[in-house]
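Undergrad: If it helps, the file is called input.cif and holds mmCIF, C-alpha atoms:
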```cif
data_query
#
loop_
_atom_site.group_PDB
_atom_site.id
_atom_site.type_symbol
_atom_site.label_atom_id
_atom_site.label_comp_id
_atom_site.auth_asym_id
_atom_site.auth_seq_id
_atom_site.Cartn_x
_atom_site.Cartn_y
_atom_site.Cartn_z
ATOM 1 C CA MET A 1 -17.793 14.064 17.945
ATOM 2 C CA GLN A 2 -14.273 13.366 19.159
ATOM 3 C CA PRO A 3 -12.458 10.159 20.103
ATOM 4 C CA LYS A 4 -12.755 9.290 23.796
ATOM 5 C CA THR A 5 -9.463 9.656 25.649
ATOM 6 C CA LYS A 6 -8.197 8.614 29.055
ATOM 7 C CA ALA A 7 -6.388 10.931 31.474
ATOM 8 C CA ASP A 8 -3.046 10.289 29.743
ATOM 9 C CA PHE A 9 -4.578 11.017 26.327
ATOM 10 C CA ALA A 10 -4.612 7.404 25.277
ATOM 11 C CA GLU A 11 -7.576 7.026 22.956
ATOM 12 C CA GLN A 12 -10.186 4.453 23.933
ATOM 13 C CA VAL A 13 -10.577 2.978 20.463
ATOM 14 C CA ASP A 14 -14.199 2.088 19.742
ATOM 15 C CA TYR A 15 -13.665 -1.189 17.884
ATOM 16 C CA ASN A 16 -16.553 -2.073 15.587
ATOM 17 C CA THR A 17 -15.810 -5.728 14.764
ATOM 18 C CA GLU A 18 -15.632 -9.045 16.631
ATOM 19 C CA PHE A 19 -11.888 -8.434 16.940
ATOM 20 C CA PRO A 20 -9.906 -5.438 18.303
ATOM 21 C CA ILE A 21 -10.264 -3.761 14.899
ATOM 22 C CA TYR A 22 -11.697 -0.337 14.049
ATOM 23 C CA ALA A 23 -12.651 0.213 10.406
ATOM 24 C CA ARG A 24 -14.764 3.274 9.630
ATOM 25 C CA HIS A 25 -15.234 6.057 7.104
ATOM 26 C CA HIS A 26 -15.504 9.653 8.314
ATOM 27 C CA ALA A 27 -15.782 13.238 7.174
ATOM 28 C CA LEU A 28 -13.444 15.495 9.154
ATOM 29 C CA SER A 29 -16.389 17.855 9.679
ATOM 30 C CA GLU A 30 -17.720 15.250 12.160
ATOM 31 C CA PHE A 31 -14.811 16.260 14.424
ATOM 32 C CA ASN A 32 -15.256 20.043 14.061
ATOM 33 C CA PHE A 33 -12.563 19.848 11.353
ATOM 34 C CA GLN A 34 -9.885 18.873 13.874
ATOM 35 C CA VAL A 35 -9.505 15.651 15.841
ATOM 36 C CA VAL A 36 -8.163 16.277 19.344
ATOM 37 C CA PRO A 37 -4.557 15.149 19.963
ATOM 38 C CA HIS A 38 -4.437 11.541 21.136
ATOM 39 C CA TRP A 39 -2.421 8.352 21.004
ATOM 40 C CA HIS A 40 -3.204 4.654 21.266
ATOM 41 C CA PRO A 41 -1.214 1.402 21.416
ATOM 42 C CA ASP A 42 -2.771 0.296 18.123
ATOM 43 C CA LEU A 43 -1.435 0.501 14.571
ATOM 44 C CA GLU A 44 -3.306 2.950 12.326
ATOM 45 C CA PHE A 45 -3.721 3.021 8.545
ATOM 46 C CA LEU A 46 -5.541 5.990 7.030
ATOM 47 C CA ARG A 47 -6.578 6.699 3.424
ATOM 48 C CA VAL A 48 -7.929 10.095 2.327
ATOM 49 C CA THR A 49 -10.834 9.547 -0.065
ATOM 50 C CA ASP A 50 -11.962 13.097 -0.795
ATOM 51 C CA GLY A 51 -10.317 16.517 -0.501
ATOM 52 C CA GLU A 52 -7.152 16.895 1.527
ATOM 53 C CA MET A 53 -6.205 16.990 5.181
ATOM 54 C CA THR A 54 -3.178 17.507 7.382
ATOM 55 C CA VAL A 55 -2.098 14.811 9.816
ATOM 56 C CA TYR A 56 0.123 15.721 12.753
ATOM 57 C CA VAL A 57 2.394 12.957 14.081
ATOM 58 C CA ASN A 58 4.944 13.679 16.835
ATOM 59 C CA GLY A 59 6.005 17.121 15.612
ATOM 60 C CA HIS A 60 5.408 16.672 11.880
ATOM 61 C CA HIS A 61 2.504 18.235 9.969
ATOM 62 C CA LEU A 62 1.879 16.103 6.883
ATOM 63 C CA GLN A 63 -0.477 17.159 4.097
ATOM 64 C CA ILE A 64 -2.261 14.244 2.441
ATOM 65 C CA GLN A 65 -4.238 14.421 -0.793
ATOM 66 C CA ALA A 66 -7.195 12.269 -1.867
ATOM 67 C CA GLY A 67 -5.994 8.837 -2.951
ATOM 68 C CA ASP A 68 -2.989 8.882 -0.619
ATOM 69 C CA GLY A 69 -2.684 7.996 3.046
ATOM 70 C CA ILE A 70 -0.477 7.354 6.039
ATOM 71 C CA PHE A 71 0.586 4.594 8.436
ATOM 72 C CA ILE A 72 0.958 5.733 12.074
ATOM 73 C CA ASN A 73 3.023 3.586 14.396
ATOM 74 C CA THR A 74 1.930 2.577 17.894
ATOM 75 C CA GLY A 75 2.014 5.091 20.752
ATOM 76 C CA ARG A 76 2.459 8.252 18.654
ATOM 77 C CA MET A 77 0.716 11.488 19.524
ATOM 78 C CA ASN A 78 -1.350 12.397 16.470
ATOM 79 C CA TYR A 79 -4.352 14.320 15.198
ATOM 80 C CA SER A 80 -5.883 15.311 11.861
ATOM 81 C CA TYR A 81 -7.192 18.703 10.808
ATOM 82 C CA THR A 82 -8.236 20.877 7.899
ATOM 83 C CA ALA A 83 -9.639 24.359 7.384
ATOM 84 C CA VAL A 84 -13.215 24.906 8.575
ATOM 85 C CA ASN A 85 -15.798 24.056 5.885
ATOM 86 C CA THR A 86 -13.169 22.295 3.767
ATOM 87 C CA VAL A 87 -14.109 18.891 2.365
ATOM 88 C CA ALA A 88 -11.995 16.074 3.791
ATOM 89 C CA GLU A 89 -13.085 12.446 4.047
ATOM 90 C CA PHE A 90 -11.047 9.424 5.044
ATOM 91 C CA THR A 91 -11.179 5.715 5.810
ATOM 92 C CA ALA A 92 -9.344 4.561 8.927
ATOM 93 C CA VAL A 93 -8.300 1.045 9.891
ATOM 94 C CA ILE A 94 -6.954 0.735 13.450
ATOM 95 C CA PHE A 95 -6.110 -2.528 15.148
ATOM 96 C CA ASN A 96 -4.463 -3.696 18.317
ATOM 97 C CA MET A 97 -1.179 -5.558 17.949
ATOM 98 C CA ARG A 98 -2.414 -8.166 20.419
ATOM 99 C CA LEU A 99 -4.331 -9.557 17.480
ATOM 100 C CA PHE A 100 -1.113 -11.254 16.357
ATOM 101 C CA ALA A 101 1.684 -10.319 18.747
ATOM 102 C CA ASP A 102 0.457 -12.457 21.637
ATOM 103 C CA ALA A 103 0.383 -15.655 19.558
ATOM 104 C CA THR A 104 3.947 -16.802 20.360
ATOM 105 C CA LEU A 105 7.189 -15.436 21.804
ATOM 106 C CA ALA A 106 8.520 -15.234 18.244
ATOM 107 C CA THR A 107 5.676 -12.983 17.091
ATOM 108 C CA GLN A 108 6.099 -10.799 20.182
ATOM 109 C CA GLU A 109 9.775 -10.311 19.316
ATOM 110 C CA ILE A 110 8.935 -9.486 15.697
ATOM 111 C CA PHE A 111 6.399 -6.864 16.711
ATOM 112 C CA MET A 112 8.718 -5.342 19.324
ATOM 113 C CA ARG A 113 11.471 -5.078 16.711
ATOM 114 C CA HIS A 114 9.358 -3.330 14.071
ATOM 115 C CA PHE A 115 6.510 -1.605 15.943
ATOM 116 C CA SER A 116 8.190 0.235 18.802
ATOM 117 C CA THR A 117 9.348 3.697 19.831
ATOM 118 C CA THR A 118 12.723 3.084 18.137
ATOM 119 C CA THR A 119 11.332 2.856 14.581
ATOM 120 C CA GLN A 120 9.689 5.477 12.375
ATOM 121 C CA ASP A 121 6.691 7.355 13.697
ATOM 122 C CA TYR A 122 4.891 7.158 10.365
ATOM 123 C CA ILE A 123 5.151 6.206 6.688
ATOM 124 C CA LEU A 124 3.366 8.285 4.059
ATOM 125 C CA LEU A 125 1.487 6.190 1.506
ATOM 126 C CA ASN A 126 1.566 7.355 -2.124
ATOM 127 C CA HIS A 127 -0.862 5.730 -4.558
ATOM 128 C CA GLU A 128 1.741 5.975 -7.352
ATOM 129 C CA ILE A 129 4.165 3.643 -5.518
ATOM 130 C CA PRO A 130 3.022 0.018 -6.067
ATOM 131 C CA TRP A 131 3.598 -1.433 -2.578
ATOM 132 C CA GLN A 132 2.101 1.643 -0.934
ATOM 133 C CA ASN A 133 -0.890 1.605 -3.277
ATOM 134 C CA ASP A 134 -1.400 -2.043 -2.351
ATOM 135 C CA ILE A 135 -1.741 -0.975 1.289
ATOM 136 C CA LEU A 136 -4.137 1.820 0.334
ATOM 137 C CA GLN A 137 -6.356 -0.646 -1.522
ATOM 138 C CA LYS A 138 -6.318 -3.061 1.398
ATOM 139 C CA ILE A 139 -7.521 -0.301 3.732
ATOM 140 C CA VAL A 140 -10.637 -0.108 1.571
ATOM 141 C CA THR A 141 -10.935 -3.905 1.448
ATOM 142 C CA VAL A 142 -10.803 -4.195 5.249
ATOM 143 C CA TYR A 143 -13.482 -1.524 5.607
ATOM 144 C CA GLU A 144 -15.705 -3.175 3.004
ATOM 145 C CA SER A 145 -15.276 -6.610 4.597
ATOM 146 C CA ILE A 146 -17.335 -5.364 7.559
ATOM 147 C CA GLU A 147 -20.287 -4.894 5.215
ATOM 148 C CA THR A 148 -19.830 -8.356 3.671
ATOM 149 C CA ASN A 149 -19.540 -9.939 7.132
ATOM 150 C CA SER A 150 -16.306 -11.768 6.379
ATOM 151 C CA PRO A 151 -14.420 -11.705 9.697
ATOM 152 C CA PHE A 152 -11.619 -14.074 8.762
ATOM 153 C CA GLY A 153 -11.236 -12.455 5.372
ATOM 154 C CA MET A 154 -10.764 -9.198 7.270
ATOM 155 C CA LEU A 155 -8.143 -10.822 9.505
ATOM 156 C CA ALA A 156 -6.288 -12.033 6.414
ATOM 157 C CA GLN A 157 -6.244 -8.488 5.024
ATOM 158 C CA ILE A 158 -5.023 -7.105 8.374
ATOM 159 C CA ALA A 159 -2.227 -9.691 8.405
ATOM 160 C CA THR A 160 -1.243 -8.685 4.864
ATOM 161 C CA LEU A 161 -1.270 -4.982 5.821
ATOM 162 C CA THR A 162 1.058 -5.740 8.724
ATOM 163 C CA ASP A 163 3.362 -7.927 6.669
ATOM 164 C CA THR A 164 3.605 -5.347 3.864
ATOM 165 C CA ILE A 165 4.531 -2.372 6.069
ATOM 166 C CA MET A 166 6.896 -4.260 8.395
ATOM 167 C CA PRO A 167 10.043 -4.391 6.168
ATOM 168 C CA TYR A 168 9.969 -0.603 5.833
ATOM 169 C CA LEU A 169 10.056 0.040 9.591
ATOM 170 C CA VAL A 170 13.684 0.408 10.607
ATOM 171 C CA PRO A 171 15.475 2.009 13.589
ATOM 172 C CA ASP A 172 15.276 5.812 13.527
ATOM 173 C CA THR A 173 18.309 7.438 15.169
ATOM 174 C CA SER A 174 16.873 10.963 14.850
ATOM 175 C CA LYS A 175 13.968 10.409 17.242
ATOM 176 C CA VAL A 176 13.184 12.799 20.078
ATOM 177 C CA ASP A 177 14.155 11.702 23.601
ATOM 178 C CA SER A 178 11.167 9.798 25.037
ATOM 179 C CA ARG A 179 11.530 11.673 28.342
ATOM 180 C CA LEU A 180 11.007 14.993 26.576
ATOM 181 C CA GLN A 181 8.024 13.516 24.752
ATOM 182 C CA GLN A 182 6.530 12.439 28.073
ATOM 183 C CA THR A 183 7.071 15.948 29.457
ATOM 184 C CA LEU A 184 5.094 17.362 26.536
ATOM 185 C CA TRP A 185 2.316 14.813 27.022
ATOM 186 C CA ASP A 186 2.116 15.732 30.712
ATOM 187 C CA MET A 187 1.645 19.389 29.777
ATOM 188 C CA VAL A 188 -0.949 18.542 27.115
ATOM 189 C CA MET A 189 -2.867 16.399 29.612
ATOM 190 C CA TYR A 190 -2.783 19.208 32.196
ATOM 191 C CA ILE A 191 -4.161 21.698 29.674
ATOM 192 C CA HIS A 192 -7.047 19.440 28.678
ATOM 193 C CA GLU A 193 -7.959 18.774 32.293
ATOM 194 C CA ASN A 194 -7.724 22.411 33.443
ATOM 195 C CA TYR A 195 -8.456 24.609 30.387
ATOM 196 C CA SER A 196 -11.440 26.232 32.133
ATOM 197 C CA GLU A 197 -9.160 27.618 34.865
ATOM 198 C CA ASP A 198 -6.965 30.734 34.767
ATOM 199 C CA LEU A 199 -3.982 28.830 33.373
ATOM 200 C CA ARG A 200 -0.573 30.352 32.759
ATOM 201 C CA VAL A 201 2.430 28.810 31.039
ATOM 202 C CA ASP A 202 4.261 28.804 34.375
ATOM 203 C CA ASP A 203 1.486 26.611 35.849
ATOM 204 C CA ILE A 204 1.644 24.208 32.900
ATOM 205 C CA ALA A 205 5.432 23.939 33.088
ATOM 206 C CA LEU A 206 5.397 23.464 36.865
ATOM 207 C CA TYR A 207 2.975 20.537 36.566
ATOM 208 C CA ALA A 208 5.376 18.754 34.198
ATOM 209 C CA ASN A 209 8.390 19.628 36.368
ATOM 210 C CA THR A 210 10.041 21.674 33.654
ATOM 211 C CA SER A 211 10.855 25.316 32.982
ATOM 212 C CA ARG A 212 8.824 27.910 31.121
ATOM 213 C CA THR A 213 11.564 28.104 28.476
ATOM 214 C CA GLN A 214 11.565 24.329 28.014
ATOM 215 C CA ALA A 215 7.766 24.311 27.804
ATOM 216 C CA PHE A 216 7.815 26.773 24.893
ATOM 217 C CA ALA A 217 10.625 24.845 23.204
ATOM 218 C CA LEU A 218 8.848 21.463 23.450
ATOM 219 C CA PHE A 219 5.541 22.794 22.180
ATOM 220 C CA ARG A 220 7.308 24.469 19.260
ATOM 221 C CA GLN A 221 9.455 21.449 18.456
ATOM 222 C CA MET A 222 6.784 18.757 18.686
ATOM 223 C CA LEU A 223 3.474 20.554 18.081
ATOM 224 C CA SER A 224 4.591 23.607 16.060
ATOM 225 C CA ILE A 225 2.538 25.840 18.321
ATOM 226 C CA SER A 226 3.042 27.807 21.539
ATOM 227 C CA PRO A 227 1.534 26.619 24.853
ATOM 228 C CA ASN A 228 -0.764 29.661 24.881
ATOM 229 C CA ASP A 229 -2.043 29.027 21.362
ATOM 230 C CA TYR A 230 -2.564 25.344 22.126
ATOM 231 C CA LEU A 231 -4.551 26.266 25.244
ATOM 232 C CA ASN A 232 -6.733 28.602 23.191
ATOM 233 C CA LYS A 233 -7.385 25.848 20.625
ATOM 234 C CA VAL A 234 -8.541 23.497 23.373
ATOM 235 C CA ARG A 235 -10.799 26.202 24.792
ATOM 236 C CA LEU A 236 -12.227 26.987 21.364
ATOM 237 C CA ASN A 237 -12.914 23.327 20.648
ATOM 238 C CA ASN A 238 -14.830 23.061 23.929
ATOM 239 C CA ALA A 239 -16.781 26.211 23.067
ATOM 240 C CA LEU A 240 -17.558 24.875 19.591
ATOM 241 C CA ASN A 241 -19.105 21.743 21.078
ATOM 242 C CA ALA A 242 -21.127 23.812 23.567
ATOM 243 C CA LEU A 243 -22.457 26.032 20.769
ATOM 244 C CA ARG A 244 -23.592 22.973 18.869
ATOM 245 C CA ASP A 245 -24.921 20.822 21.709
ATOM 246 C CA THR A 246 -26.335 23.230 24.320
ATOM 247 C CA ASN A 247 -28.480 26.342 24.647
ATOM 248 C CA THR A 248 -25.985 27.966 27.023
ATOM 249 C CA SER A 249 -25.470 31.685 26.426
ATOM 250 C CA ILE A 250 -22.373 32.772 24.553
ATOM 251 C CA THR A 251 -21.143 34.682 27.606
ATOM 252 C CA ASP A 252 -21.431 31.594 29.819
ATOM 253 C CA ILE A 253 -19.768 29.401 27.171
ATOM 254 C CA ALA A 254 -16.880 31.866 27.008
ATOM 255 C CA LEU A 255 -16.356 31.850 30.774
ATOM 256 C CA ASP A 256 -16.901 28.075 31.130
ATOM 257 C CA SER A 257 -14.269 27.492 28.432
ATOM 258 C CA GLY A 258 -11.676 29.571 30.284
ATOM 259 C CA PHE A 259 -11.819 32.872 28.387
ATOM 260 C CA SER A 260 -11.549 36.003 30.489
ATOM 261 C CA SER A 261 -14.457 37.743 28.743
ATOM 262 C CA SER A 262 -17.037 37.168 26.025
ATOM 263 C CA SER A 263 -15.469 39.866 23.828
ATOM 264 C CA TYR A 264 -12.073 38.151 23.928
ATOM 265 C CA PHE A 265 -13.764 34.832 23.166
ATOM 266 C CA VAL A 266 -15.588 36.289 20.149
ATOM 267 C CA GLN A 267 -12.301 37.777 18.896
ATOM 268 C CA LYS A 268 -10.445 34.446 19.157
ATOM 269 C CA PHE A 269 -13.376 32.477 17.718
ATOM 270 C CA ALA A 270 -13.626 34.760 14.669
ATOM 271 C CA HIS A 271 -9.886 34.531 14.066
ATOM 272 C CA GLU A 272 -9.930 30.725 14.211
ATOM 273 C CA PHE A 273 -13.206 29.938 12.415
ATOM 274 C CA HIS A 274 -13.830 33.085 10.319
ATOM 275 C CA THR A 275 -17.306 33.605 11.772
ATOM 276 C CA THR A 276 -18.882 34.688 15.051
ATOM 277 C CA PRO A 277 -20.114 32.230 17.713
ATOM 278 C CA ALA A 278 -23.720 33.343 17.175
ATOM 279 C CA ALA A 279 -23.485 32.937 13.386
ATOM 280 C CA TYR A 280 -21.858 29.523 13.756
ATOM 281 C CA ARG A 281 -24.599 28.289 16.110
ATOM 282 C CA LYS A 282 -27.343 29.562 13.804
ATOM 283 C CA LYS A 283 -25.800 28.009 10.693
ATOM 284 C CA TYR A 284 -25.213 24.663 12.419
ATOM 285 C CA ARG A 285 -28.792 24.451 13.689
ATOM 286 C CA ASN A 286 -30.224 25.409 10.310
ATOM 287 C CA GLN A 287 -28.209 22.622 8.751
ATOM 288 C CA GLN A 288 -29.441 20.134 11.370
ATOM 289 C CA ASN A 289 -33.065 21.175 10.851
ATOM 290 C CA SER A 290 -32.755 20.647 7.095
ATOM 291 C CA LEU A 291 -31.611 17.037 7.489
#
```
So, in terms of structure tokens, how does the structure I just supplied come out?

TA:
Amino acid sequence: MQPKTKADFAEQVDYNTEFPIYARHHALSEFNFQVVPHWHPDLEFLRVTDGEMTVYVNGHHLQIQAGDGIFINTGRMNYSYTAVNTVAEFTAVIFNMRLFADATLATQEIFMRHFSTTTQDYILLNHEIPWQNDILQKIVTVYESIETNSPFGMLAQIATLTDTIMPYLVPDTSKVDSRLQQTLWDMVMYIHENYSEDLRVDDIALYANTSRTQAFALFRQMLSISPNDYLNKVRLNNALNALRDTNTSITDIALDSGFSSSSYFVQKFAHEFHTTPAAYRKKYRNQQNSL
């Protein structure tokens, strides 16, 4: 299960309340231990409840332990991941700024000043720091308010979350040029739309109207990975889903996912997941049958 994304990798947030608010608890194993890269115009608060996980936000890989969390600002490319078969559970609260920002011109100006591309991409939340721990507790309260069916109580908690984080969002002069960020997003989008084809870095760079050298530099700077390795991760994630959800042969899955041969696919799969495709499929289905 992965978040649904549009062509430009904007996530289509599946709100689960009467308001544009998403509040759910997940195990990272539900996402094959790595959520696909995405962004959304919403504000996101995340609290790790069990184990540990790494959250990528615009070029930074941030390890978060149980009890701690992170705030992710609007419009930032992000994803979460952990090692395969590693316990990692989290509670996420995501809400659209329209909830408050559209109320008056004054609130629109406030939100534009604090929640924009000119302020920090994220703020790590440490449970030992009082104001940050207050936010972490409110993440839980918002999630639990869905069960108690208290919609306006939930809105009050969301307003408090927003008000608490806002003073700590200040202009960030070290931010990456937004044009370079868009170039990266164009390349990422092209990979996800064409991973089954015989893609080369030159093709990916050409689509984004940049050079091969710049393509490597942007992937390294913002994703800490090469274009080729990123392409392989996308292909492997597609193959993983096919192994779980279909009866397609391993050879056909390899070719449909863009690998040149089944032997190369098995080699890459084993390196990434420390098992073979056949063993993974068998183990997954045994687990499903035991439920």

Undergrad: How close does each residue of range 96-215 of chain A get to range 17-39 of chain A, giving the shortest atom pair and distance in Å to one decimal for every residue with an atom at most 12 Å away, counting all atoms listed in the file, sorted by chain and residue number, as a tab-separated table?

TA:
```
residue	atom	partner	partner_atom	distance
A:Asn96	CA	A:Pro20	CA	5.7
A:Met97	CA	A:Pro20	CA	8.7
A:Arg98	CA	A:Pro20	CA	8.2
A:Leu99	CA	A:Pro20	CA	7.0
A:Phe100	CA	A:Pro20	CA	10.7
A:Asp121	CA	A:Trp39	CA	11.7
A:Lys138	CA	A:Ala23	CA	11.5
A:Ile139	CA	A:Ala23	CA	8.4
A:Val140	CA	A:Ala23	CA	9.1
A:Thr141	CA	A:Ala23	CA	10.0
A:Val142	CA	A:Ala23	CA	7.0
A:Tyr143	CA	A:Ala23	CA	5.2
A:Glu144	CA	A:Ala23	CA	8.7
A:Ser145	CA	A:Ala23	CA	9.3
A:Ile146	CA	A:Thr17	CA	7.4
A:Glu147	CA	A:Ala23	CA	10.6
A:Asn149	CA	A:Thr17	CA	9.5
A:Ser150	CA	A:Thr17	CA	10.3
A:Pro151	CA	A:Glu18	CA	7.5
A:Phe152	CA	A:Phe19	CA	9.9
A:Met154	CA	A:Ile21	CA	9.4
A:Leu155	CA	A:Phe19	CA	8.7
A:Gln157	CA	A:Ile21	CA	11.7
A:Ile158	CA	A:Ile21	CA	9.0
A:Ala159	CA	A:Ile21	CA	11.9
A:Leu184	CA	A:Pro37	CA	11.9
A:Trp185	CA	A:His38	CA	9.5
A:Val188	CA	A:Pro37	CA	8.7
A:Met189	CA	A:Pro37	CA	9.9
A:Ile191	CA	A:Pro37	CA	11.7
A:His192	CA	A:Val36	CA	9.9
```

Undergrad: By how many Å are CA of Arg179 in chain A and CA of Leu218 in chain A apart?

TA: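 For CA of Arg179 in chain A relative to CA of Leu218 in chain A, the distance reads 11.3 Å.
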
Undergrad: Grab the CA of Ala279 in chain A to CA of Gly258 in chain A distance for me, in Å with one decimal place.

TA: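 CA of Gly258 in chain A lies 20.9 Å from CA of Ala279 in chain A.
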
Undergrad: Starting from the displayed file, determine the output of the PyMOL selection byres ((chain A and resi 207-213) around 12) and express the residue list as a PDB file with C-alpha atoms, in the coordinates of the input.

TA:
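Printed below is result-v3.pdb as written:
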```
ATOM      1  CA  ARG A 179      11.530  11.673  28.342  1.00  0.00           C
ATOM      2  CA  LEU A 180      11.007  14.993  26.576  1.00  0.00           C
ATOM      3  CA  GLN A 181       8.024  13.516  24.752  1.00  0.00           C
ATOM      4  CA  GLN A 182       6.530  12.439  28.073  1.00  0.00           C
ATOM      5  CA  THR A 183       7.071  15.948  29.457  1.00  0.00           C
ATOM      6  CA  LEU A 184       5.094  17.362  26.536  1.00  0.00           C
ATOM      7  CA  TRP A 185       2.316  14.813  27.022  1.00  0.00           C
ATOM      8  CA  ASP A 186       2.116  15.732  30.712  1.00  0.00           C
ATOM      9  CA  MET A 187       1.645  19.389  29.777  1.00  0.00           C
ATOM     10  CA  VAL A 188      -0.949  18.542  27.115  1.00  0.00           C
ATOM     11  CA  MET A 189      -2.867  16.399  29.612  1.00  0.00           C
ATOM     12  CA  TYR A 190      -2.783  19.208  32.196  1.00  0.00           C
ATOM     13  CA  ILE A 191      -4.161  21.698  29.674  1.00  0.00           C
ATOM     14  CA  GLU A 193      -7.959  18.774  32.293  1.00  0.00           C
ATOM     15  CA  ASN A 194      -7.724  22.411  33.443  1.00  0.00           C
ATOM     16  CA  LEU A 199      -3.982  28.830  33.373  1.00  0.00           C
ATOM     17  CA  ARG A 200      -0.573  30.352  32.759  1.00  0.00           C
ATOM     18  CA  VAL A 201       2.430  28.810  31.039  1.00  0.00           C
ATOM     19  CA  ASP A 202       4.261  28.804  34.375  1.00  0.00           C
ATOM     20  CA  ASP A 203       1.486  26.611  35.849  1.00  0.00           C
ATOM     21  CA  ILE A 204       1.644  24.208  32.900  1.00  0.00           C
ATOM     22  CA  ALA A 205       5.432  23.939  33.088  1.00  0.00           C
ATOM     23  CA  LEU A 206       5.397  23.464  36.865  1.00  0.00           C
ATOM     24  CA  GLN A 214      11.565  24.329  28.014  1.00  0.00           C
ATOM     25  CA  ALA A 215       7.766  24.311  27.804  1.00  0.00           C
ATOM     26  CA  PHE A 216       7.815  26.773  24.893  1.00  0.00           C
ATOM     27  CA  ALA A 217      10.625  24.845  23.204  1.00  0.00           C
ATOM     28  CA  LEU A 218       8.848  21.463  23.450  1.00  0.00           C
ATOM     29  CA  PHE A 219       5.541  22.794  22.180  1.00  0.00           C
ATOM     30  CA  ARG A 220       7.308  24.469  19.260  1.00  0.00           C
ATOM     31  CA  SER A 226       3.042  27.807  21.539  1.00  0.00           C
ATOM     32  CA  PRO A 227       1.534  26.619  24.853  1.00  0.00           C
ATOM     33  CA  ASN A 228      -0.764  29.661  24.881  1.00  0.00           C
TER      34      ASN A 228
END
```

Undergrad: Name the residues that the PyMOL selection byres ((chain A and resi 43) around 8) picks from the file above, as a VMD selection string, using the file's chain letters and numbers.

TA: chain A and resid 41 to 42 44 to 45 71 to 74 94 to 97

Undergrad: Counting all atoms listed in the file, which of A:Tyr81, A:Phe269, A:Phe90, A:Phe111 gets nearest to Ile253 in chain A?

TA: A:Phe269

Undergrad: Write out as a PDB file with C-alpha atoms, keeping the file's coordinate frame which residues come within 10 Å of Leu62 in chain A when counting all atoms listed in the file, dropping same-chain ones fewer than 6 positions away.

TA:
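And here is the file that came out, around.pdb:
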```pdb
ATOM      1  CA  MET A  53      -6.205  16.990   5.181  1.00  0.00           C
ATOM      2  CA  THR A  54      -3.178  17.507   7.382  1.00  0.00           C
ATOM      3  CA  VAL A  55      -2.098  14.811   9.816  1.00  0.00           C
ATOM      4  CA  TYR A  56       0.123  15.721  12.753  1.00  0.00           C
ATOM      5  CA  ILE A  70      -0.477   7.354   6.039  1.00  0.00           C
ATOM      6  CA  SER A  80      -5.883  15.311  11.861  1.00  0.00           C
ATOM      7  CA  LEU A 124       3.366   8.285   4.059  1.00  0.00           C
TER       8      LEU A 124
END
```

Undergrad: So how far away is CA of Pro171 in chain A from CA of His114 in chain A, in Å?

TA: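 That distance, rounded to one decimal, is 8.1 Å.
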
Undergrad: Please identify all polymer residues lying at most 10 Å from the point (-14.7, 23.0, 4.2) (file coordinates), using only C-alpha atoms, and present the result as number ranges by chain.

TA: A: 28-29, 33, 51, 82-88

Undergrad: I want to know what sits within 7 Å of Asp172 in chain A, based on only C-alpha atoms, with residues of the same chain fewer than 6 positions away left out; could you give that as a ChimeraX atom specification?

TA: /A:118-120

Undergrad: Using only C-alpha atoms, which residues sit within 7 Å of Glu52 in chain A once same-chain residues fewer than 6 positions away are excluded, as an mmCIF file with C-alpha atoms, keeping the file's coordinate frame?

TA:
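out34.cif written:
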```
data_model
loop_
_atom_site.group_PDB
_atom_site.id
_atom_site.type_symbol
_atom_site.label_atom_id
_atom_site.label_comp_id
_atom_site.auth_asym_id
_atom_site.auth_seq_id
_atom_site.Cartn_x
_atom_site.Cartn_y
_atom_site.Cartn_z
ATOM 1 C CA ILE A 64 -2.261 14.244 2.441
ATOM 2 C CA GLN A 65 -4.238 14.421 -0.793
ATOM 3 C CA ALA A 66 -7.195 12.269 -1.867
ATOM 4 C CA ALA A 88 -11.995 16.074 3.791
#
```

Undergrad: At a cut-off of 9 Å around the point (0.7, 4.8, 3.9) (file coordinates), what residues fall inside when counting only C-alpha atoms? I'd like the answer as a PyMOL selection string.

TA: chain A and resi 45-47+68-72+122-127+132-133+135-136+165

Undergrad: Which one is closest to Asn16 in chain A: A:Val57, A:Leu231, A:Val93, A:Gly75? Count only C-alpha atoms.

TA: A:Val93
